[in-house]
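Asker: One file is attached below, model.txt, containing compact mmCIF, C-alpha atoms.
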# COMPACT_ATOMS: atom_id res chain seq x y z
CA MET A 58 11.79 -13.06 -104.91
CA THR A 59 9.75 -13.60 -108.08
CA ALA A 60 12.06 -11.47 -110.22
CA TRP A 61 15.16 -13.31 -108.98
CA LEU A 62 13.62 -16.71 -109.74
CA SER A 63 13.48 -15.75 -113.42
CA THR A 64 17.27 -15.23 -113.54
CA PRO A 65 19.67 -18.05 -114.58
CA PRO A 66 20.64 -18.97 -110.98
CA GLY A 67 16.99 -18.79 -109.96
CA ARG A 68 15.93 -21.17 -112.72
CA TYR A 69 18.81 -23.47 -111.84
CA MET A 70 17.64 -23.59 -108.21
CA LEU A 71 13.98 -24.13 -109.15
CA ALA A 72 14.88 -27.04 -111.44
CA TRP A 73 16.74 -28.80 -108.62
CA GLU A 74 13.95 -28.15 -106.11
CA GLN A 75 11.26 -29.34 -108.53
CA ALA A 76 13.05 -32.68 -108.93
CA GLN A 77 13.32 -33.04 -105.14
CA PHE A 78 9.65 -32.25 -104.58
CA ASP A 79 8.57 -34.72 -107.27
CA ALA A 80 10.56 -37.51 -105.63
CA ALA A 81 9.45 -36.64 -102.08
CA VAL A 82 5.66 -36.39 -102.60
CA VAL A 83 5.01 -39.04 -105.23
CA ASP A 84 4.53 -41.84 -102.67
CA ARG A 85 2.76 -39.78 -99.99
CA PHE A 86 -0.81 -40.99 -99.65
CA GLY A 87 -3.80 -39.44 -97.95
CA PHE A 88 -6.63 -37.06 -98.81
CA ASN A 89 -5.50 -33.46 -98.31
CA ALA A 90 -2.24 -31.74 -99.31
CA LEU A 91 -1.30 -28.07 -99.13
CA GLN A 92 1.47 -26.03 -100.72
CA LEU A 93 2.06 -22.86 -98.76
CA GLY A 94 3.77 -20.11 -100.76
CA LEU A 95 5.99 -19.77 -103.85
CA PRO A 96 3.53 -20.46 -106.70
CA GLU A 97 6.43 -20.37 -109.19
CA ILE A 98 7.02 -24.03 -108.35
CA ASP A 99 4.42 -26.81 -108.49
CA ALA A 100 5.53 -28.83 -105.50
CA LEU A 101 2.49 -31.16 -105.55
CA ARG A 102 2.32 -32.02 -109.23
CA ALA A 103 3.60 -35.59 -108.67
CA ASN A 104 1.29 -36.24 -105.72
CA ARG A 105 -1.93 -38.22 -106.17
CA MET A 106 -4.05 -37.03 -103.27
CA PRO A 107 -7.61 -36.07 -104.30
CA HIS A 108 -7.44 -32.62 -102.67
CA ARG A 109 -4.39 -30.44 -103.36
CA TRP A 110 -4.36 -26.73 -102.69
CA LEU A 111 -2.01 -23.82 -103.34
CA ALA A 112 -2.14 -21.07 -100.71
CA VAL A 113 -0.34 -17.72 -100.92
CA PRO A 114 -0.01 -14.90 -98.37
CA GLU A 115 -2.46 -12.05 -98.54
CA VAL A 116 0.22 -9.56 -99.56
CA ALA A 117 1.36 -11.73 -102.45
CA GLY A 118 -1.75 -12.81 -104.30
CA LEU A 119 -5.47 -12.70 -104.90
CA PRO A 120 -7.96 -15.59 -105.11
CA TRP A 121 -7.45 -15.68 -108.87
CA ASP A 122 -4.24 -16.14 -110.83
CA VAL A 123 -3.37 -12.46 -111.39
CA ARG A 124 -1.83 -10.28 -108.71
CA MET A 125 -2.55 -6.64 -108.08
CA ASP A 126 0.68 -5.61 -109.83
CA GLY A 127 -0.39 -7.40 -113.01
CA HIS A 128 2.03 -10.32 -112.64
CA ALA A 129 0.38 -13.61 -113.58
CA PHE A 130 0.89 -16.71 -111.51
CA PRO A 131 1.90 -19.85 -113.41
CA ARG A 132 -1.18 -21.64 -112.07
CA PRO A 133 -4.39 -20.75 -110.20
CA VAL A 134 -4.30 -20.01 -106.49
CA SER A 135 -6.73 -21.97 -104.32
CA LEU A 136 -6.85 -19.65 -101.32
CA VAL A 137 -5.27 -16.57 -99.80
CA THR A 138 -4.28 -16.96 -96.17
CA HIS A 139 -1.75 -15.99 -93.59
CA ALA A 140 0.90 -18.67 -93.13
CA ALA A 141 0.53 -18.58 -89.34
CA ALA A 142 -3.31 -18.75 -89.39
CA LEU A 143 -4.43 -21.45 -91.79
CA PRO A 144 -8.19 -21.91 -92.36
CA PHE A 145 -8.09 -25.64 -91.70
CA PRO A 146 -9.30 -27.56 -88.64
CA GLU A 147 -6.92 -29.36 -86.37
CA LYS A 148 -5.43 -32.62 -87.72
CA SER A 149 -6.97 -32.26 -91.19
CA LEU A 150 -4.00 -32.26 -93.63
CA ASP A 151 -1.85 -35.21 -94.60
CA LEU A 152 0.93 -33.27 -96.33
CA VAL A 153 2.19 -29.68 -96.16
CA VAL A 154 5.02 -28.34 -98.34
CA LEU A 155 6.85 -25.12 -97.52
CA PRO A 156 9.01 -23.94 -100.47
CA HIS A 157 11.06 -21.07 -98.99
CA THR A 158 8.04 -20.19 -96.87
CA LEU A 159 9.81 -20.01 -93.52
CA GLU A 160 12.62 -17.70 -94.62
CA LEU A 161 10.09 -15.35 -96.24
CA SER A 162 7.88 -15.28 -93.14
CA ALA A 163 8.07 -12.66 -90.41
CA ASP A 164 7.53 -15.36 -87.74
CA PRO A 165 8.75 -18.78 -88.89
CA HIS A 166 8.18 -20.30 -85.44
CA ALA A 167 4.47 -19.45 -85.63
CA VAL A 168 4.26 -20.98 -89.11
CA LEU A 169 5.74 -24.25 -87.89
CA ARG A 170 3.38 -24.34 -84.92
CA GLU A 171 0.44 -23.84 -87.28
CA VAL A 172 1.67 -26.60 -89.56
CA GLU A 173 1.95 -28.93 -86.56
CA ARG A 174 -1.64 -28.08 -85.62
CA VAL A 175 -3.21 -28.87 -89.00
CA LEU A 176 -1.19 -32.02 -89.73
CA VAL A 177 -2.61 -35.41 -88.86
CA PRO A 178 -0.46 -37.76 -86.75
CA GLU A 179 2.24 -39.26 -88.98
CA GLY A 180 1.65 -36.45 -91.50
CA ARG A 181 4.60 -35.03 -93.43
CA VAL A 182 5.99 -31.56 -93.86
CA VAL A 183 8.45 -30.87 -96.69
CA ILE A 184 10.66 -27.78 -96.39
CA CYS A 185 13.27 -26.21 -98.64
CA GLY A 186 15.35 -23.12 -97.97
CA LEU A 187 18.62 -21.35 -98.73
CA ASN A 188 21.67 -22.53 -96.84
CA PRO A 189 23.64 -19.67 -95.20
CA ALA A 190 26.77 -21.86 -95.00
CA SER A 191 27.23 -22.11 -98.77
CA LEU A 192 29.02 -20.34 -101.58
CA TRP A 193 25.86 -18.37 -102.28
CA GLY A 194 25.38 -17.51 -98.62
CA MET A 195 28.98 -16.40 -98.22
CA ARG A 196 28.67 -14.06 -101.18
CA GLN A 197 25.48 -12.60 -99.75
CA TYR A 198 27.17 -12.11 -96.38
CA ARG A 199 30.11 -10.36 -98.07
CA ALA A 200 27.69 -7.99 -99.80
CA HIS A 201 26.07 -7.10 -96.46
CA VAL A 202 29.49 -6.35 -94.95
CA PHE A 203 30.45 -4.05 -97.82
CA ALA A 204 27.08 -2.31 -97.61
CA ARG A 205 27.64 -1.55 -93.91
CA LEU A 206 31.04 -0.09 -94.80
CA GLY A 207 29.47 2.19 -97.40
CA LEU A 208 30.86 0.22 -100.34
CA GLY A 209 27.59 -1.13 -101.65
CA ASN A 210 28.22 0.29 -105.14
CA ASN A 211 31.39 -1.78 -105.47
CA TRP A 212 31.09 -5.00 -107.45
CA LEU A 213 32.06 -6.90 -104.30
CA GLY A 214 29.09 -5.34 -102.53
CA ARG A 215 26.47 -6.48 -105.02
CA ARG A 216 23.97 -8.89 -103.53
CA PHE A 217 23.54 -12.18 -105.31
CA LEU A 218 20.36 -13.43 -103.60
CA PRO A 219 17.06 -11.51 -103.29
CA GLU A 220 16.62 -8.96 -100.54
CA ALA A 221 13.47 -10.53 -99.11
CA GLY A 222 13.74 -13.05 -96.33
CA ASP A 223 16.31 -14.21 -93.80
CA PHE A 224 18.47 -17.28 -93.91
CA ILE A 225 17.53 -20.18 -91.62
CA GLY A 226 20.21 -22.81 -91.25
CA HIS A 227 19.10 -26.41 -91.59
CA TRP A 228 20.74 -27.23 -88.23
CA ARG A 229 18.51 -24.62 -86.53
CA LEU A 230 15.46 -25.87 -88.36
CA LYS A 231 16.07 -29.41 -87.11
CA ASP A 232 16.05 -28.14 -83.52
CA TRP A 233 12.80 -26.25 -84.09
CA LEU A 234 11.15 -29.34 -85.54
CA ARG A 235 12.26 -31.54 -82.64
CA LEU A 236 10.69 -29.12 -80.18
CA LEU A 237 7.38 -29.58 -82.00
CA SER A 238 7.60 -33.41 -81.88
CA PHE A 239 8.71 -33.80 -85.50
CA ASP A 240 11.20 -36.45 -86.56
CA VAL A 241 13.44 -35.47 -89.47
CA GLU A 242 13.31 -38.30 -92.00
CA SER A 243 15.78 -36.88 -94.49
CA CYS A 244 17.81 -33.76 -95.19
CA ARG A 245 19.79 -33.28 -98.37
CA LEU A 246 21.59 -30.33 -99.91
CA GLY A 247 22.11 -29.36 -103.53
CA CYS A 248 23.09 -26.61 -105.99
CA TYR A 249 26.87 -26.63 -105.50
CA ARG A 250 27.73 -24.36 -108.41
CA PRO A 251 29.26 -20.99 -107.47
CA ALA A 252 27.33 -17.72 -107.41
CA VAL A 253 27.49 -16.71 -111.06
CA GLN A 254 24.88 -14.80 -113.01
CA THR A 255 24.83 -16.30 -116.52
CA ASP A 256 23.80 -19.63 -117.99
CA GLN A 257 27.18 -19.92 -119.69
CA TRP A 258 29.11 -19.87 -116.43
CA LEU A 259 26.57 -22.08 -114.67
CA ASN A 260 27.01 -24.71 -117.39
CA ARG A 261 30.79 -24.52 -117.07
CA TYR A 262 30.53 -25.40 -113.39
CA ARG A 263 28.06 -28.23 -113.90
CA TRP A 264 30.66 -30.76 -112.74
CA MET A 265 30.56 -29.22 -109.23
CA ASP A 266 27.12 -30.67 -108.53
CA ALA A 267 28.43 -34.24 -108.59
CA VAL A 268 31.76 -33.46 -106.93
CA GLY A 269 30.22 -31.20 -104.26
CA ALA A 270 27.71 -33.83 -103.17
CA ARG A 271 30.63 -36.16 -102.39
CA SER A 272 33.39 -33.80 -101.28
CA TRP A 273 31.65 -30.90 -99.50
CA PRO A 274 28.03 -32.00 -98.96
CA PHE A 275 27.24 -29.35 -96.35
CA LEU A 276 28.04 -26.42 -98.68
CA GLY A 277 25.03 -26.82 -100.96
CA ALA A 278 23.15 -23.60 -101.68
CA VAL A 279 19.74 -25.15 -100.92
CA TYR A 280 18.60 -27.72 -98.36
CA PHE A 281 15.62 -30.02 -98.70
CA MET A 282 14.09 -31.55 -95.58
CA VAL A 283 11.27 -34.03 -94.89
CA ALA A 284 9.87 -34.41 -91.36
CA VAL A 285 7.04 -36.50 -89.91
CA LYS A 286 4.74 -35.49 -87.07
CA ARG A 287 4.95 -37.93 -84.18
CA VAL A 288 2.34 -38.29 -81.45
CA ARG A 289 3.74 -40.02 -78.42
CA GLY A 290 1.67 -42.89 -77.02
CA MET A 291 -0.11 -42.62 -73.69
CA HIS A 292 0.30 -45.24 -70.94
CA LEU A 293 -2.36 -45.65 -68.26
CA LEU A 294 -0.85 -45.84 -64.80
CA GLY A 295 -2.47 -47.74 -61.95
CA PRO A 296 -2.97 -46.34 -58.47
CA ALA A 297 0.14 -45.78 -56.41
CA TRP A 298 -1.34 -47.51 -53.36
CA LYS A 299 -2.19 -51.18 -52.83
CA PRO A 300 -5.70 -52.24 -51.78
CA ARG A 301 -5.98 -53.24 -48.13
CA ARG A 302 -6.79 -56.81 -47.29
CA SER A 303 -10.06 -57.70 -45.68
CA MET A 304 -10.19 -56.94 -41.96
CA ALA A 305 -12.57 -59.85 -41.27
CA ALA A 306 -9.81 -62.42 -40.97
CA PRO A 307 -8.68 -63.05 -37.36
CA VAL A 308 -5.32 -61.72 -36.43
CA GLY A 309 -3.12 -63.51 -33.95
CA VAL A 310 -1.56 -61.40 -31.18
CA ALA A 311 1.62 -62.56 -29.56
CA GLN A 312 1.62 -62.20 -25.73
CA ARG A 313 4.58 -61.97 -23.43
CA PRO A 314 4.71 -64.98 -21.02
CA SER A 315 4.19 -64.23 -17.34
CA LEU A 316 6.91 -65.08 -14.76
CA GLN A 317 4.44 -65.51 -11.86
CA ARG A 318 2.75 -68.80 -11.00
CA PRO A 319 -0.99 -69.01 -10.97
CA SER A 320 -2.41 -68.12 -7.53
CA HIS A 321 -4.69 -71.18 -7.14
CA ARG A 322 -1.75 -73.59 -7.54
CA MET A 323 0.18 -71.80 -4.83
CA ASN A 324 -2.81 -72.07 -2.51
CA GLN A 325 -3.12 -75.81 -3.13
CA ARG A 326 0.49 -76.43 -2.12
CA GLN A 327 0.08 -74.54 1.18
CA ASP A 328 -2.84 -76.71 2.35
CA PRO A 329 -1.89 -79.57 4.78
Rewrite the structure of this file - the entire thing - as structure tokens.
Answerer:
Amino acid sequence: MTAWLSTPPGRYMLAWEQAQFDAAVVDRFGFNALQLGLPEIDALRANRMPHRWLAVPEVAGLPWDVRMDGHAFPRPVSLVTHAAALPFPEKSLDLVVLPHTLELSADPHAVLREVERVLVPEGRVVICGLNPASLWGMRQYRAHVFARLGLGNNWLGRRFLPEAGDFIGHWRLKDWLRLLSFDVESCRLGCYRPAVQTDQWLNRYRWMDAVGARSWPFLGAVYFMVAVKRVRGMHLLGPAWKPRRSMAAPVGVAQRPSLQRPSHRMNQRQDP
């Protein structure tokens, strides 16, 4: 994905995402923040937490800022870790940002479970990803169809987006977050310009960003989501039984009246 991010549409997408990250993390307070993946964007540059780390997968980077293939990262990498096995104790991070991390992961469910584990209660997770129901997603889907038909060399079969990763719709992601006790605070979409390859054509369609946000808001090429970890309160329940009253108090017993007269009175009446 690194090579595609250096193309005109990749730079256009990164510029929009950088503005969203700056606005989302600037007022998030705490002590520890983590960016997991995509070092081409500095998602925590506007945040003021004292400890901010950049983590990359083992296959993508080394502990320093130069990869094995010679490509230099734009900034140093703090640690190398697997996204589904973070080296942090439970409830230790206040903020986690996932820039295209889930769609590039082999098991996005495991990544979300790990993020839920390391976040403190009321901690935030910020996620961005490519929207399959967009102009960019439709072009990518068309390319896959032509490739299956053996027409991949046709200009209609050329893929616009990078090969790596799978699309995850924002509607599916909301369901996954709810299952992990996250509440989605906000979800916005952007990058409404069509799938063109040059800066000249991207600038010609600049007007579509403003019109698309009002007219077809769900067709943005990228979604940006903020969710908060909720911990439901516990209520102590009393015993289901009631305590018995003291047995020392006397208890009155109702007796059935007798229909026979006392024997001594009958004897008195028989005497002369």
Asker: Select, from A:Thr59, A:Ser162, A:Ser243, A:Gln257, the residue with the minimum atom-to-atom distance to Arg181 (chain A), counting all atoms listed in the file.
Answerer: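 Between A:Thr59, A:Ser162, A:Ser243, A:Gln257, the residue approaching Arg181 (chain A) most closely is A:Ser243.
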Asker: Find, counting only C-alpha atoms, the residue in A:Ala278, A:Thr255, A:Leu246, A:Asp266 that gets nearest to Gln197 (chain A).
Answerer: A:Ala278
Asker: One number please: CA of Leu234 (chain A) to CA of Arg287 (chain A), in Å, one decimal.
Answerer: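 For CA of Leu234 (chain A) relative to CA of Arg287 (chain A), the distance reads 10.7 Å.
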Asker: As an exercise, work out the distance from CA of Leu91 (chain A) to CA of Trp110 (chain A) in Å and give it to one decimal place.
Answerer: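 These two atoms are separated by 4.9 Å.
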Asker: Tell me, in Å to one decimal, how far CA of Met282 (chain A) is from CA of Phe239 (chain A).
Answerer: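 For CA of Met282 (chain A) relative to CA of Phe239 (chain A), the distance reads 11.6 Å.
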Asker: Go through A:Leu101, A:Ala163, A:Ala60, A:Val177 one by one, measure the shortest atom-to-atom distance of each to Val83 (chain A) using all atoms listed in the file, and give the residue with the smallest value.
Answerer: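 That would be A:Leu101, the residue with the smallest distance to Val83 (chain A).
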Asker: Determine, using only C-alpha atoms, which residues of region 228-296 of chain A have any atom at most 8 Å from an atom of region 71-74 of chain A, and tabulate each with its shortest atom pair and distance in Å to one decimal place, rows ordered by chain and then rising number, as JSON lines.
Answerer:
{"residue": "A:Gly247", "atom": "CA", "partner": "A:Trp73", "partner_atom": "CA", "distance": 7.4}
{"residue": "A:Cys248", "atom": "CA", "partner": "A:Trp73", "partner_atom": "CA", "distance": 7.2}
{"residue": "A:Phe281", "atom": "CA", "partner": "A:Glu74", "partner_atom": "CA", "distance": 7.8}
